[in-house]
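Undergrad: Got target-v6.txt for you, compact mmCIF, C-alpha atoms and all ligand atoms:
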```txt
# COMPACT_ATOMS: atom_id res chain seq x y z
CA VAL A 1 174.89 -34.08 251.50
CA GLU A 2 175.77 -30.40 251.83
CA ALA A 3 176.04 -30.67 255.61
CA GLN A 4 179.07 -32.94 255.17
CA SER A 5 180.75 -30.65 252.64
CA ILE A 6 183.37 -28.27 253.95
CA LEU A 7 183.08 -26.47 250.63
CA SER A 8 180.08 -26.17 248.39
CA MET A 9 180.39 -24.14 245.22
CA ASN A 10 177.16 -23.82 243.33
CA SER A 11 176.79 -22.70 239.69
CA VAL A 12 179.51 -20.09 239.97
CA GLU A 13 180.26 -17.77 237.09
CA VAL A 14 183.36 -15.57 237.10
CA LEU A 15 183.87 -12.48 234.99
CA TYR A 16 187.24 -10.79 234.50
CA ASP A 17 187.24 -7.11 233.57
CA ASN A 18 183.44 -7.34 233.34
CA VAL A 19 183.68 -9.02 229.94
CA MET A 20 185.70 -12.23 230.05
CA LEU A 21 183.52 -15.11 231.30
CA ALA A 22 186.21 -17.46 232.64
CA ILE A 23 184.01 -20.02 234.39
CA LYS A 24 180.42 -20.61 233.36
CA GLY A 25 178.47 -22.18 236.17
CA VAL A 26 180.93 -24.40 238.03
CA SER A 27 179.68 -26.56 240.91
CA VAL A 28 182.20 -28.34 243.11
CA GLN A 29 181.75 -30.07 246.47
CA VAL A 30 184.60 -30.88 248.83
CA PRO A 31 183.45 -33.40 251.44
CA LYS A 32 184.98 -32.85 254.89
CA GLY A 33 188.39 -34.48 255.24
CA LYS A 34 188.64 -35.56 251.61
CA MET A 35 191.11 -34.78 248.83
CA ILE A 36 189.53 -33.62 245.59
CA ALA A 37 191.23 -32.79 242.29
CA LEU A 38 190.33 -30.27 239.60
CA LEU A 39 191.74 -31.52 236.32
CA GLY A 40 191.83 -30.03 232.86
CA SER A 41 194.05 -28.37 230.33
CA ASN A 42 195.56 -24.88 230.24
CA GLY A 43 193.05 -22.08 230.46
CA ALA A 44 190.15 -24.39 231.37
CA GLY A 45 189.28 -22.35 234.45
CA LYS A 46 190.88 -24.33 237.28
CA SER A 47 192.90 -21.47 238.77
CA THR A 48 189.90 -19.16 238.48
CA THR A 49 187.83 -21.67 240.45
CA LEU A 50 190.38 -21.64 243.29
CA LYS A 51 190.59 -17.83 243.23
CA ALA A 52 186.81 -17.61 243.49
CA ILE A 53 186.98 -19.79 246.61
CA SER A 54 189.90 -17.95 248.27
CA GLY A 55 188.71 -14.50 247.24
CA LEU A 56 191.86 -13.68 245.29
CA LEU A 57 189.81 -12.79 242.20
CA LYS A 58 189.48 -9.19 243.25
CA ALA A 59 193.21 -8.54 242.86
CA GLU A 60 192.84 -9.55 239.19
CA ARG A 61 189.77 -7.51 238.39
CA GLY A 62 187.62 -10.59 238.53
CA ARG A 63 184.29 -11.09 240.27
CA ILE A 64 181.67 -13.73 240.86
CA SER A 65 178.75 -12.70 238.66
CA ARG A 66 176.46 -15.63 239.51
CA GLY A 67 176.21 -18.50 241.95
CA GLU A 68 177.35 -18.91 245.56
CA ILE A 69 180.12 -20.44 247.62
CA LYS A 70 179.47 -21.93 251.03
CA PHE A 71 182.17 -22.83 253.53
CA ASN A 72 181.01 -24.98 256.43
CA GLY A 73 177.49 -23.92 255.51
CA THR A 74 178.26 -20.17 255.61
CA ASP A 75 177.86 -18.12 252.46
CA ILE A 76 181.31 -16.63 251.77
CA THR A 77 180.67 -15.38 248.24
CA GLU A 78 181.19 -11.75 249.31
CA VAL A 79 183.60 -12.28 252.20
CA LEU A 80 187.02 -10.57 251.94
CA ALA A 81 190.02 -12.77 251.13
CA GLN A 82 191.86 -12.01 254.40
CA LYS A 83 188.80 -13.01 256.36
CA ARG A 84 188.57 -16.31 254.47
CA VAL A 85 192.12 -17.15 255.58
CA GLY A 86 191.00 -16.60 259.15
CA MET A 87 188.05 -18.93 258.54
CA GLY A 88 190.47 -21.71 257.53
CA ILE A 89 190.72 -21.41 253.76
CA CYS A 90 194.27 -21.36 252.47
CA HIS A 91 195.31 -21.04 248.83
CA VAL A 92 198.80 -21.97 247.66
CA VAL A 93 198.93 -20.10 244.36
CA GLU A 94 200.71 -21.34 241.26
CA GLY A 95 204.48 -20.82 241.30
CA ARG A 96 206.61 -20.95 244.40
CA HIS A 97 205.92 -17.79 246.24
CA VAL A 98 208.38 -17.61 249.11
CA PHE A 99 210.53 -14.77 250.37
CA GLU A 100 213.82 -15.68 248.71
CA HIS A 101 215.97 -13.46 250.90
CA LEU A 102 214.59 -15.04 254.08
CA THR A 103 215.37 -18.50 255.44
CA PRO A 104 212.65 -21.19 255.42
CA ASP A 105 212.30 -20.71 259.16
CA GLU A 106 211.78 -16.96 258.74
CA ASN A 107 209.35 -17.66 255.89
CA LEU A 108 207.26 -19.81 258.21
CA THR A 109 207.34 -17.14 260.91
CA ALA A 110 206.26 -14.51 258.38
CA ALA A 111 203.31 -16.68 257.30
CA ALA A 112 201.98 -17.13 260.84
CA PRO A 113 198.64 -15.49 261.53
CA LEU A 114 198.70 -12.32 263.60
CA GLY A 115 198.43 -13.13 267.26
CA MET A 116 199.70 -16.69 267.03
CA SER A 117 201.82 -17.31 270.12
CA ARG A 118 205.46 -18.25 269.79
CA SER A 119 204.84 -21.62 271.42
CA VAL A 120 202.00 -22.53 269.03
CA LEU A 121 204.12 -21.33 266.11
CA ASN A 122 207.00 -23.54 267.23
CA VAL A 123 204.72 -26.57 267.47
CA GLU A 124 203.41 -25.86 263.97
CA LYS A 125 206.94 -25.43 262.62
CA GLU A 126 208.10 -28.73 264.09
CA LYS A 127 205.07 -30.45 262.58
CA ILE A 128 205.95 -28.98 259.17
CA TYR A 129 209.63 -29.95 259.51
CA ASN A 130 208.49 -33.46 260.39
CA TYR A 131 206.46 -33.70 257.21
CA PHE A 132 209.23 -32.12 255.14
CA PRO A 133 212.61 -33.30 256.48
CA ARG A 134 214.36 -31.68 253.48
CA LEU A 135 213.06 -28.35 254.69
CA ALA A 136 214.25 -29.02 258.21
CA GLU A 137 217.77 -29.57 256.95
CA ARG A 138 217.73 -26.22 255.19
CA ARG A 139 215.73 -24.25 257.72
CA ASN A 140 218.50 -21.67 258.18
CA SER A 141 219.73 -21.33 254.59
CA GLN A 142 218.54 -18.64 252.24
CA SER A 143 215.27 -19.76 250.59
CA GLY A 144 216.34 -18.43 247.19
CA TYR A 145 218.94 -21.19 247.03
CA LEU A 146 216.46 -24.01 247.68
CA SER A 147 215.59 -26.32 244.79
CA GLY A 148 212.22 -25.95 243.07
CA GLY A 149 210.83 -28.89 245.00
CA GLU A 150 212.05 -27.52 248.31
CA GLN A 151 210.53 -24.12 247.54
CA GLN A 152 207.22 -25.84 246.78
CA MET A 153 207.48 -27.65 250.12
CA LEU A 154 208.11 -24.30 251.79
CA ALA A 155 205.09 -22.78 250.01
CA ILE A 156 202.97 -25.64 251.39
CA GLY A 157 204.57 -25.15 254.82
CA ARG A 158 203.65 -21.46 254.76
CA ALA A 159 200.05 -22.50 254.11
CA LEU A 160 200.07 -25.05 256.93
CA VAL A 161 201.24 -22.45 259.46
CA THR A 162 197.83 -20.78 259.04
CA GLN A 163 196.23 -24.04 260.33
CA PRO A 164 193.81 -24.35 257.41
CA SER A 165 190.83 -26.68 257.37
CA LEU A 166 190.67 -26.37 253.56
CA LEU A 167 194.02 -26.38 251.78
CA MET A 168 193.92 -25.45 248.10
CA LEU A 169 196.96 -26.01 245.92
CA ASP A 170 197.43 -24.77 242.37
CA GLU A 171 199.74 -27.01 240.33
CA PRO A 172 202.15 -28.03 243.09
CA SER A 173 203.84 -30.45 240.68
CA LEU A 174 204.66 -27.81 238.07
CA GLY A 175 208.21 -28.17 236.77
CA LEU A 176 209.22 -30.80 239.31
CA ALA A 177 211.00 -34.09 238.62
CA PRO A 178 208.65 -37.10 238.86
CA PHE A 179 210.30 -38.46 242.04
CA LEU A 180 209.71 -35.12 243.76
CA VAL A 181 206.10 -35.01 242.60
CA SER A 182 205.42 -38.36 244.21
CA GLU A 183 207.33 -37.34 247.34
CA ILE A 184 205.27 -34.15 247.72
CA PHE A 185 201.99 -35.89 246.88
CA ASP A 186 202.70 -38.65 249.43
CA ILE A 187 203.30 -35.98 252.07
CA LEU A 188 200.08 -34.18 251.10
CA GLN A 189 198.17 -37.41 251.55
CA LYS A 190 199.80 -37.92 254.95
CA ILE A 191 198.90 -34.36 256.02
CA ASN A 192 195.32 -34.96 254.86
CA GLN A 193 195.07 -38.19 256.85
CA GLU A 194 196.86 -37.07 260.01
CA GLU A 195 195.60 -33.50 260.31
CA GLY A 196 192.15 -34.02 258.80
CA VAL A 197 192.73 -31.11 256.42
CA SER A 198 190.45 -31.15 253.38
CA VAL A 199 192.38 -30.63 250.16
CA LEU A 200 191.38 -29.17 246.81
CA LEU A 201 194.13 -29.81 244.31
CA VAL A 202 194.45 -28.24 240.86
CA GLU A 203 196.63 -30.39 238.63
CA GLN A 204 197.54 -30.87 235.02
CA ASN A 205 199.37 -34.01 236.12
CA ALA A 206 196.18 -36.08 236.25
CA LEU A 207 198.04 -39.35 236.63
CA ALA A 208 199.75 -38.27 239.86
CA ALA A 209 196.66 -36.46 241.21
CA LEU A 210 194.33 -39.43 240.70
CA GLU A 211 196.67 -41.56 242.82
CA ILE A 212 196.01 -39.51 245.95
CA VAL A 213 192.51 -37.97 245.65
CA SER A 214 189.18 -39.69 246.20
CA GLU A 215 187.26 -37.71 243.58
CA GLY A 216 188.00 -35.49 240.64
CA TYR A 217 186.32 -32.91 238.46
CA LEU A 218 187.31 -32.41 234.85
CA ILE A 219 186.98 -28.78 233.74
CA GLU A 220 186.93 -27.74 230.10
CA ASN A 221 186.16 -24.28 228.73
CA GLY A 222 184.91 -23.02 232.07
CA ARG A 223 182.54 -25.92 232.73
CA VAL A 224 182.63 -29.16 234.70
CA VAL A 225 182.36 -31.83 232.02
CA MET A 226 182.97 -34.84 234.23
CA HIS A 227 182.87 -35.68 237.95
CA GLY A 228 183.59 -39.05 239.48
CA THR A 229 185.68 -41.08 241.88
CA ALA A 230 189.37 -41.37 241.10
CA GLU A 231 188.74 -44.96 239.99
CA GLU A 232 185.95 -43.90 237.63
CA LEU A 233 188.08 -41.16 236.11
CA LYS A 234 191.14 -43.38 235.72
CA SER A 235 189.11 -45.95 233.82
CA ASN A 236 187.33 -43.42 231.59
CA SER A 237 188.57 -43.72 228.01
CA ASP A 238 188.48 -39.96 227.26
CA ILE A 239 190.47 -39.21 230.40
CA GLN A 240 192.92 -41.94 229.49
CA GLU A 241 193.35 -40.61 225.98
CA PHE A 242 193.61 -36.91 226.71
CA TYR A 243 194.92 -36.64 230.26
CA LEU A 244 196.70 -39.85 231.20
CA GLY A 245 198.82 -40.16 228.10
CA GLY A 246 197.22 -43.47 227.14
CA GLY A 247 194.92 -44.17 224.18
P1 LIG A 301 196.23 -22.61 233.83
O1 LIG A 301 196.61 -23.90 234.38
O2 LIG A 301 196.91 -22.27 232.54
O3 LIG A 301 196.25 -21.48 234.82
P2 LIG A 301 193.44 -22.74 234.26
O4 LIG A 301 192.60 -23.93 233.99
O5 LIG A 301 193.82 -22.52 235.66
O6 LIG A 301 194.71 -22.77 233.37
P3 LIG A 301 192.45 -20.07 234.34
O7 LIG A 301 193.77 -19.49 234.69
O8 LIG A 301 191.43 -20.15 235.39
O9 LIG A 301 192.64 -21.50 233.70
O10 LIG A 301 191.88 -19.25 233.12
C1 LIG A 301 190.55 -19.43 232.63
C2 LIG A 301 190.29 -18.38 231.56
O11 LIG A 301 190.26 -17.09 232.14
C3 LIG A 301 191.35 -18.33 230.48
O12 LIG A 301 190.74 -18.08 229.25
C4 LIG A 301 192.21 -17.16 230.89
O13 LIG A 301 192.82 -16.56 229.78
C5 LIG A 301 191.22 -16.23 231.54
N1 LIG A 301 191.85 -15.43 232.60
C6 LIG A 301 192.53 -15.90 233.67
N2 LIG A 301 192.94 -14.90 234.47
C7 LIG A 301 192.52 -13.75 233.89
C8 LIG A 301 192.63 -12.36 234.22
N3 LIG A 301 193.26 -11.96 235.34
N4 LIG A 301 192.06 -11.46 233.38
C9 LIG A 301 191.43 -11.87 232.26
N5 LIG A 301 191.27 -13.15 231.89
C10 LIG A 301 191.82 -14.10 232.68
```
Take the structure in the file and give it back as structure tokens.

TA:
Amino acid sequence: VEAQSILSMNSVEVLYDNVMLAIKGVSVQVPKGKMIALLGSNGAGKSTTLKAISGLLKAERGRISRGEIKFNGTDITEVLAQKRVGMGICHVVEGRHVFEHLTPDENLTAAAPLGMSRSVLNVEKEKIYNYFPRLAERRNSQSGYLSGGEQQMLAIGRALVTQPSLLMLDEPSLGLAPFLVSEIFDILQKINQEEGVSVLLVEQNALAALEIVSEGYLIENGRVVMHGTAEELKSNSDIQEFYLGGG
């Protein structure tokens, strides 16, 4: 099974400031080419799980105190964050982190990996503008004036420029109108299908997430309390009551 996983996280514990145990033995598998969701409420440990995978924990005085993370079979538990980007792991953090004083086009250029040729960069940009026509229209305006949804699209575009094989997104739907959430999620699904990029999606909007992923993990208090196919999760009565607004 592990051979087909692009990402295999096994019994990972994360400590912040050497005292705060934020996740307590989380195991998550991302099969190659699939879209997987991490669901759960505020503070459950979803963002921490992504940071453990991308290596961004260090910047927040966090560390993996137990367990291991394998990417394409290679143990990356101790690998530096910058090196993980080069290996194909890209993490779109929560919030829309773009350079507001630059245009979307300049933002994409700035996100390109060192040494990427201009011609490859241009091909990547055109691909991104094809996926996000709204971004193409505003490619030469100042990014600070883009709407929240457009800035989220740009944040995703900046990730795509790095040509990731594993794209991780933290709450891309946060604060967006429902029509924009479905627009962005449809595009993510298209990118997943057309580019073969594996996706690990952190979402509080379980309803929208379960429409596009194949499997989901429910995290509560730093532990995985449920794992199943999107269909299984959608039909689970606890998930319906607490996360889908039913019950
Ligand atoms: P949210 O959607 O609100 O970010 P989450 O499920 O992503 O929630 P985490 O952000 O991973 O949850 O937080 C898990 C736990 O770790 C929480 O109790 C949180 O307070 C704690 N925590 C997160 N970041 C830090 C940090 N840098 N230092 C100390 N504790 C932290």

Undergrad: Could you build a table of the residues in chain A lying no more than 6 Å from ligand LIG 301 (chain A), giving for each the nearest pair of atoms and their separation in Å rounded to one decimal place, using all atoms listed in the file, ordered by chain and ascending residue number, as a tab-separated table?

TA:
```
residue	atom	partner	partner_atom	distance
A:Tyr16	CA	A:LIG301	C9	4.9
A:Met20	CA	A:LIG301	N5	5.9
A:Ala22	CA	A:LIG301	O11	4.1
A:Ser41	CA	A:LIG301	O4	5.9
A:Asn42	CA	A:LIG301	O2	3.7
A:Gly43	CA	A:LIG301	O9	3.3
A:Ala44	CA	A:LIG301	O4	3.6
A:Gly45	CA	A:LIG301	O8	3.2
A:Lys46	CA	A:LIG301	O4	3.7
A:Ser47	CA	A:LIG301	O5	3.4
A:Thr48	CA	A:LIG301	O8	3.6
A:Glu60	CA	A:LIG301	N3	4.6
```

Undergrad: Find the residues around Val19 in chain A up to 12 Å (only C-alpha atoms counted), leave out those fewer than 5 positions away in its own chain, and share them as a PDB file with C-alpha atoms, keeping the file's coordinate frame.

TA:
```pdb
ATOM      1  CA  GLU A  13     180.260 -17.770 237.090  1.00  0.00           C
ATOM      2  CA  VAL A  14     183.360 -15.570 237.100  1.00  0.00           C
ATOM      3  CA  ARG A  61     189.770  -7.510 238.390  1.00  0.00           C
ATOM      4  CA  GLY A  62     187.620 -10.590 238.530  1.00  0.00           C
ATOM      5  CA  ARG A  63     184.290 -11.090 240.270  1.00  0.00           C
ATOM      6  CA  SER A  65     178.750 -12.700 238.660  1.00  0.00           C
TER       7      SER A  65
END
```

Undergrad: Rounded to one decimal, what separation in Å do you get between CA of Asp105 in chain A and CA of Pro178 in chain A?

TA: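 Interatomic distance, CA of Asp105 in chain A to CA of Pro178 in chain A: 26.3 Å.
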
Undergrad: For CA of Phe99 in chain A and CA of Ile36 in chain A, quote the distance in Å rounded to one decimal.

TA: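 If I compute the distance from CA of Phe99 in chain A to CA of Ile36 in chain A, I get 28.6 Å.
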
Undergrad: A:Ile219, A:Ala230, A:Ala155, A:Met168: which is nearest Asn107 in chain A, counting all atoms listed in the file?

TA: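 Counting all atoms listed in the file, the residue closest to Asn107 in chain A is A:Ala155.
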
Undergrad: Within 9 Å of range 232-242 of chain A, counting all atoms listed in the file, which residues qualify if same-chain residues fewer than 5 places away don't, as an MDAnalysis selection string?

TA: chainID A and resid 206:207 210 215:218 226:227 247

Undergrad: With only C-alpha atoms as the counted atoms, please give the residues lying no more than 9 Å from Leu146 in chain A, apart from itself and same-chain residues fewer than 6 positions off, as a PDB file with C-alpha atoms, in the coordinates of the input.

TA:
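Now in selection.pdb:
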```pdb
ATOM      1  CA  GLU A 100     213.820 -15.680 248.710  1.00  0.00           C
ATOM      2  CA  LEU A 135     213.060 -28.350 254.690  1.00  0.00           C
ATOM      3  CA  ARG A 138     217.730 -26.220 255.190  1.00  0.00           C
TER       4      ARG A 138
END
```

Undergrad: Under the rule that only C-alpha atoms are counted, which of A:Glu137, A:Glu68, A:Asp186, A:Glu78 is the nearest residue to Val28 in chain A?

TA: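 Closest candidate: A:Glu68.
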
Undergrad: Between CA of Glu220 in chain A and CA of Ser5 in chain A, measure the distance and give it in Å to one decimal.

TA: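 These atoms are spaced 23.6 Å apart.
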
Undergrad: Using all atoms listed in the file, find the one residue out of A:Ala209, A:Leu56, A:Leu21, A:Leu50 that sits nearest to Tyr243 in chain A.

TA: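 When distances to Tyr243 in chain A are compared using all atoms listed in the file, the smallest one comes from A:Ala209.
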
Undergrad: Smallest atom-to-atom distance to Met116 in chain A: which of A:Val161, A:Val213, A:Val202, A:Ile89, using all atoms listed in the file?

TA: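 Among A:Val161, A:Val213, A:Val202, A:Ile89, it is A:Val161 that comes nearest to Met116 in chain A.
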
Undergrad: With all atoms listed in the file as the counted atoms, please give the residues lying no more than 12 Å from Val181 in chain A, apart from itself and same-chain residues fewer than 2 positions off, as number ranges by chain.

TA: A: 148-150, 152-153, 171-179, 183-188, 203, 205-209, 211-212

Undergrad: Using all atoms listed in the file, which of the listed residues (A:Gly228, A:Gly40, A:Gly33, A:Gly115) sits closest to Gln189 in chain A?

TA: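 Ranking A:Gly228, A:Gly40, A:Gly33, A:Gly115 by distance to Gln189 in chain A, first place goes to A:Gly33.
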